[in-house]
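Student: The structure follows.
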Amino acid sequence: MPDEGSQRVGHEAEAHLGRSIERVVASEAFAELLARVAENVFALHRIASAALDLVVRNLRLGGRQDLARLGRQVGRAEDKLERVLQEVETLQQPHEPQPAAEPQPPAGDTLATRRAARGGAAVTALSVGAVLVALHPPSVAGLEDVVALAAGALALVLASAWLTLVFACRCAGGSK
Amino acid sequence: MTTRAPFAAAVEFANVLLTQDEARIGATPKDVVWTHRCTTLYRYRSDRRRHPVPVLLVFALINRPEIFDLRAGSSFVEFLLEEGFDVFLLDWGRPGDEDADVGLDDYVCDWLPWGIREALRAAGQQDLTLLGWCIGGVLCAMHAALCEDRRVRNLALLTTPVDTDGSLYAHWVRRDSFDVDALTETLPAMPGAGIDLANKLMKPVTNFWTTYRKLWEDVQAGTSRRDAYQSMAKWVADNPPFPARAFREWVTWMYQRNELLAGRIELRGERVDLARIDQSLLVVTAGDDHIAPRAGTMPLLDRVSSRDLTHLDRPGGHIGLMAGGKARDEIWPQIADWLGARSDAKEKT
C-alpha cells in the first residue's frame with residue numbers, strides 16, 4: 001500500500017483531474033459532440049431495427065412492434081377500465097350512508113324530498129285552479145278579462161306551490 | 001493499520017463488484033394496494049402507526065424508488081415507520097415499448113391522483129402528505145399546481161429541479177443539434193442506461209474512477225462495508241426506461257424552454273401554476289447537488305402561495321443527502337419532525 005504522502009498527492013491529482021474534466025464536459029464542444037454522438041447512435045439503432053423488423057415481418061412472425069402495439073391496446077383498455085370503475089364508484093357514493101360526523105343528509109334523500117314536495121305542490125295547484133275555474137267560469141268576451149284571469153290564476157298557483165313546498169320541506173326536516 | 005495482501009484484496013475487490021446484484025434492497029415488508037399498468041402502490045407494514053395522515057412517497061422516472069428503502073439500518077422508509085407514520089410508495093414501474101405514448105400528463109393528471117385516492121382509501125383518511133424526490137418532486141409539484149387538491153395536506157419536495165437555467169443538462173440539450181424529437185421517434189422508451197451514462201458524465205472522474213478507487217482502498221485497509229457499497233451500486237445500476245413522450249416533454253418543457261417556472265406548461269388544457277401550491281410546503285436542497293442545484297430549486301419558494309413554508313439546505317449530493325451515511329442522524333429526523341407537526345388528525349395547518 002502506498003505511503004500517506006503519495007496517497008495524498010494521488011488524491012489531489014485526482015481532484016484536480018476531476019475539476020478539469022468537469023470543465024471539459026461543461027464546454028460547448030463537448031455538448032455539441034454529445035448531441036452528435038447521441039444522434040448517430042440512435043440513427044444506427046433505427047437502421048438496425050428497421051432491417052431486423054423487415055426480416056421478421058417477411059418471415060411472418062410477430063415482432064417487437066406487434067407486441068408493443070398489443071401492449072398499448074391493453075394499456076388503453078386498462079385506462080378506460082379504471083375510469084369506468086371510478087365513474088361507477090362516483091355513482092354509488094350517493095347511496096352509501098354518510099359518516100355520522102357530517103351533518104348534511106345524503107344527497108339522494110334531499111333529492112327525494114324535493115321531488116315529493118314538487119309533486120305535492122303541483123297537485124295542490126291543479127286542484128285550486130280547477131275549483132276556481134268551476135266557481136267562476138272565465139268570460140271570453142273581453143281580452144282584458146282573460147289576461148287578468150290568467151295572471152290571477154298564475155299568481156295563485158305559484159303561491160300555493162311555494163307554500164306547499166315550504167311545508168313539505170319542513171315536514172321532511174322534522175321527521176329527520 | 002493492517003492491510004491486506006494485494007492479491008487477497010484484489011480477489012475481495014472483484015468479489016464485491018461481481019456480486020453486487022445479490023445485494024438486497026427495498027426489503028422492508030410491504031403490501032400491494034393498487035396496480036395500474038406499470039404503476040404500483042405499496043403500503044409498508046407497521047404496527048406502530050401514530051400519525052393519522054399517511055405519507056405517500058413518489059420517486060423519479062429514472063432509477064428505482066428502492067432508494068427510499070435501501071437496506072436495513074439505512075432506510076428512510078424504515079425510519080418513518082419507526083417514527084409512527086403510515087407510509088405508502090408509488091412505484092412507476094418499468095415502462096416498456098408499449099408505453100411510448102405515456103406523457104407527463106398521464107403521471108400528473110391520472111396515475112398520481114389515482115394513487116392518492118387509493119392510498120387514502122386504504123388508510124381511511126381524508127388527506128395525506130406527498131413527498132416527492134427529484135423528478136418525483138416535480139410531478140408532485142405539478143399536481144399541486146394544476147388543481148387545488150384538498151386531499152394533499154402537506155407537500156415535501158426533496159432536491160427538486162424547478163428552474164433549469166444554468167444547469168449542465170440545459171447546456172447539453174439547448175442546442176439545435178440535440179433533436180429530442182428525432183430521438184424519441186426512434187425509440188419508444190429511452191434506455192435507462194443511456195440516461196444513466198449522461199448523468200455520470202456530469203462528474204466523470206467521480207463516477208468512473210473515484211468510487212472504485214475508494215472501494216479498493218477500503219478493501220485493502222479491511223474497512224470496506226460490502227453491504228453499503230453493494231446496495232448503492234445495485235440501485236445506481238438499475239435504470240428503468242423513460243417513456244418516449246414523457247422524455248420529450250421533460251426535456252423540452254423543463255430543460256430546453258424552462259417552462260415550469262414561467263408557468264407555461266399546460267396539461268390537458270389546464271395551466272400548471274406554481275402559485276396554486278398553498279399546502280404546507282417543505283423544500284429540501286443539497287449544497288453539493290449537481291443534478292438539481294440549490295439555485296434551481298430556490299425560485300420555487302417565491303412562486304408558491306403556501307403560508308407554511310420550510311426550507312432545509314444541508315450539505316450533500318443529490319442522492320447522498322437522503323441516502324448517505326449521515327442522513328439517518330441529520331436530515332431524516334428533521335423531515336420526520338416537520339411531518340409529525342403537520343400530521344395531526346384534527347388540526348389543519
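Ligands are numbered from 1 in the order shown, chains are lettered A, B, ... in the order of the C-alpha cells, and residues start at 1 in each chain.
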Mind dumping a table of every chain B residue within 8 Å of chain A, with the nearest atom pair and its distance in Å to one decimal, using only C-alpha atoms, sorted by chain and rising number, as CSV?
Tutor:
```
residue,atom,partner,partner_atom,distance
B:Thr3,CA,A:Met1,CA,7.5
B:His36,CA,A:Glu78,CA,7.3
B:Arg37,CA,A:Gly75,CA,6.1
B:Gly96,CA,A:Ala68,CA,7.9
B:Asp97,CA,A:Ala68,CA,5.4
B:Glu98,CA,A:Ala68,CA,4.4
B:Asp99,CA,A:Arg72,CA,6.5
B:Leu168,CA,A:Ala26,CA,6.5
B:His171,CA,A:Ala31,CA,7.1
B:Trp172,CA,A:Ala31,CA,4.9
B:Val173,CA,A:Ala35,CA,7.6
B:Arg175,CA,A:Glu32,CA,8.0
B:Ser177,CA,A:Ala35,CA,6.0
B:Phe178,CA,A:Ala35,CA,4.9
B:Asp179,CA,A:Glu39,CA,7.6
B:Ala182,CA,A:Glu39,CA,7.9
B:Leu183,CA,A:Phe42,CA,6.4
B:Thr186,CA,A:Arg46,CA,5.9
B:Leu187,CA,A:Arg46,CA,7.9
B:Leu201,CA,A:Val25,CA,7.3
B:Met202,CA,A:Glu22,CA,6.7
B:Lys203,CA,A:Glu22,CA,6.0
B:Pro204,CA,A:Gly18,CA,7.2
B:Val205,CA,A:Gly18,CA,5.0
B:Thr206,CA,A:Gly18,CA,6.8
B:Thr210,CA,A:Glu14,CA,7.9
B:Gln220,CA,A:Met1,CA,7.9
```
Student: Take the residues from that selection and put them in a file with N, CA and C atoms, as a tab-separated table (two decimals), in the first residue's frame.
Tutor:
```tsv
chain	number	residue	atom	x	y	z
B	3	THR	N	-3.16	-4.03	6.64
B	3	THR	CA	-3.64	-4.02	5.25
B	3	THR	C	-3.58	-5.42	4.68
B	36	HIS	N	-51.83	-0.26	-11.63
B	36	HIS	CA	-52.42	0.22	-12.88
B	36	HIS	C	-51.30	0.31	-13.90
B	37	ARG	N	-51.45	-0.43	-15.01
B	37	ARG	CA	-50.38	-0.55	-16.00
B	37	ARG	C	-49.08	-0.89	-15.26
B	96	GLY	N	-42.38	-0.09	-20.83
B	96	GLY	CA	-41.87	-0.81	-21.99
B	96	GLY	C	-42.18	-0.07	-23.26
B	97	ASP	N	-41.96	-0.76	-24.39
B	97	ASP	CA	-42.23	-0.13	-25.69
B	97	ASP	C	-43.69	0.29	-25.82
B	98	GLU	N	-44.56	-0.46	-25.16
B	98	GLU	CA	-45.99	-0.17	-25.28
B	98	GLU	C	-46.38	1.13	-24.57
B	99	ASP	N	-45.47	1.67	-23.77
B	99	ASP	CA	-45.77	2.91	-23.04
B	99	ASP	C	-45.18	4.14	-23.72
B	168	LEU	N	-26.23	22.07	-16.17
B	168	LEU	CA	-25.44	21.40	-17.20
B	168	LEU	C	-26.34	20.66	-18.20
B	171	HIS	N	-27.51	23.05	-20.64
B	171	HIS	CA	-26.41	23.40	-21.55
B	171	HIS	C	-26.27	22.33	-22.64
B	172	TRP	N	-26.46	21.08	-22.27
B	172	TRP	CA	-26.32	19.99	-23.24
B	172	TRP	C	-27.47	19.92	-24.24
B	173	VAL	N	-28.67	20.20	-23.76
B	173	VAL	CA	-29.82	19.95	-24.65
B	173	VAL	C	-30.38	21.20	-25.32
B	175	ARG	N	-29.72	23.18	-27.73
B	175	ARG	CA	-28.97	23.45	-28.96
B	175	ARG	C	-29.69	22.75	-30.10
B	177	SER	N	-28.53	21.05	-32.45
B	177	SER	CA	-28.01	19.72	-32.81
B	177	SER	C	-28.60	18.62	-31.91
B	178	PHE	N	-29.16	19.00	-30.78
B	178	PHE	CA	-29.80	17.98	-29.93
B	178	PHE	C	-31.28	17.94	-30.29
B	179	ASP	N	-31.64	16.99	-31.12
B	179	ASP	CA	-33.01	16.90	-31.62
B	179	ASP	C	-33.76	15.84	-30.81
B	182	ALA	N	-36.31	13.71	-32.73
B	182	ALA	CA	-35.76	12.60	-33.53
B	182	ALA	C	-35.42	11.41	-32.64
B	183	LEU	N	-34.88	11.71	-31.47
B	183	LEU	CA	-34.51	10.61	-30.56
B	183	LEU	C	-35.75	9.84	-30.11
B	186	THR	N	-37.35	7.60	-32.64
B	186	THR	CA	-36.60	6.37	-32.93
B	186	THR	C	-36.90	5.28	-31.92
B	187	LEU	N	-36.90	5.67	-30.65
B	187	LEU	CA	-37.09	4.66	-29.60
B	187	LEU	C	-38.40	4.92	-28.85
B	201	LEU	N	-21.75	11.32	-16.75
B	201	LEU	CA	-20.81	12.19	-17.49
B	201	LEU	C	-20.72	13.58	-16.87
B	202	MET	N	-21.66	13.90	-16.03
B	202	MET	CA	-21.60	15.22	-15.39
B	202	MET	C	-20.40	15.31	-14.43
B	203	LYS	N	-20.07	14.19	-13.83
B	203	LYS	CA	-18.89	14.13	-12.96
B	203	LYS	C	-18.14	12.84	-13.30
B	204	PRO	N	-17.45	12.84	-14.42
B	204	PRO	CA	-16.88	11.57	-14.91
B	204	PRO	C	-15.84	10.96	-13.98
B	205	VAL	N	-14.95	11.76	-13.46
B	205	VAL	CA	-13.89	11.17	-12.64
B	205	VAL	C	-14.47	10.58	-11.36
B	206	THR	N	-15.37	11.29	-10.74
B	206	THR	CA	-16.00	10.78	-9.50
B	206	THR	C	-16.73	9.47	-9.78
B	210	THR	N	-13.25	7.52	-8.97
B	210	THR	CA	-13.12	7.72	-7.52
B	210	THR	C	-13.90	6.67	-6.73
B	220	GLN	N	-8.54	-2.85	0.75
B	220	GLN	CA	-7.15	-3.06	1.15
B	220	GLN	C	-6.95	-2.82	2.64
```
Student: Among segment 107-298 of chain B, which ones does DSSP place in strand (DSSP E or B), written as an MDAnalysis selection string?
Tutor: chainID B and resid 128:133 152:158 189:190 242:243 266:267 270:271 280:286
Student: Let's have the selection written as a CSV table (one decimal), in the first residue's frame, with C-alpha atoms.
Tutor:
```
chain,number,residue,atom,x,y,z
B,128,LEU,CA,-52.1,12.9,3.1
B,129,THR,CA,-48.6,14.2,2.7
B,130,LEU,CA,-47.0,14.0,-0.7
B,131,LEU,CA,-43.3,13.5,-0.6
B,132,GLY,CA,-41.5,13.7,-3.9
B,133,TRP,CA,-37.9,13.4,-4.7
B,152,VAL,CA,-52.9,16.8,-0.3
B,153,ARG,CA,-52.4,18.5,3.1
B,154,ASN,CA,-48.6,18.7,3.1
B,155,LEU,CA,-46.1,18.7,0.3
B,156,ALA,CA,-42.4,17.8,0.8
B,157,LEU,CA,-40.1,18.3,-2.2
B,158,LEU,CA,-36.6,16.8,-2.0
B,189,ALA,CA,-38.6,4.3,-24.5
B,190,MET,CA,-35.3,6.0,-23.7
B,242,PHE,CA,-38.1,6.6,-19.7
B,243,PRO,CA,-41.3,6.6,-21.9
B,266,GLU,CA,-50.3,23.1,-19.8
B,267,LEU,CA,-51.5,19.6,-19.0
B,270,GLU,CA,-55.0,23.3,-17.6
B,271,ARG,CA,-52.1,25.6,-16.8
B,280,SER,CA,-47.7,23.3,3.9
B,281,LEU,CA,-44.5,23.0,2.0
B,282,LEU,CA,-41.1,21.6,2.8
B,283,VAL,CA,-38.3,22.1,0.3
B,284,VAL,CA,-35.1,20.3,0.9
B,285,THR,CA,-32.0,21.2,-1.1
B,286,ALA,CA,-28.5,19.8,-1.1
```
Student: Between atom CA of Tyr229 of chain B and atom CA of Glu22 of chain B, what is the spacing in Å?
Tutor: 11.9 Å
Student: Between B:Leu70, B:Cys109, B:Ile195, B:Ala119, which one has atoms that come closest to Met322 of chain B, using only C-alpha atoms?
Tutor: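 Looking at the shortest contact to Met322 of chain B, the residue is B:Leu70.
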Student: Please extract the residues of segment 67-263 of chain B with a backbone DSSP assignment of helix (DSSP H, G or I) and present them as number ranges by chain.
Tutor: B: 67-69, 76-82, 97-99, 104-123, 135-146, 168-173, 180-186, 192-201, 204-221, 226-237, 244-256, 259-262
Student: Of the candidates A:Glu87, A:Ala122, A:Ala148, A:Val133, which shows the shortest atom-to-atom distance to Thr164 of chain A, using only C-alpha atoms?
Tutor: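 Once distances to Thr164 of chain A are computed over only C-alpha atoms, the minimum belongs to A:Ala122.
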Student: Return the single residue from B:Phe68, B:Tyr42, B:Tyr169, B:Phe13 that is closest to Met232 of chain B, with distances computed using only C-alpha atoms.
Tutor: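 Looking at the shortest contact to Met232 of chain B, the residue is B:Phe68.
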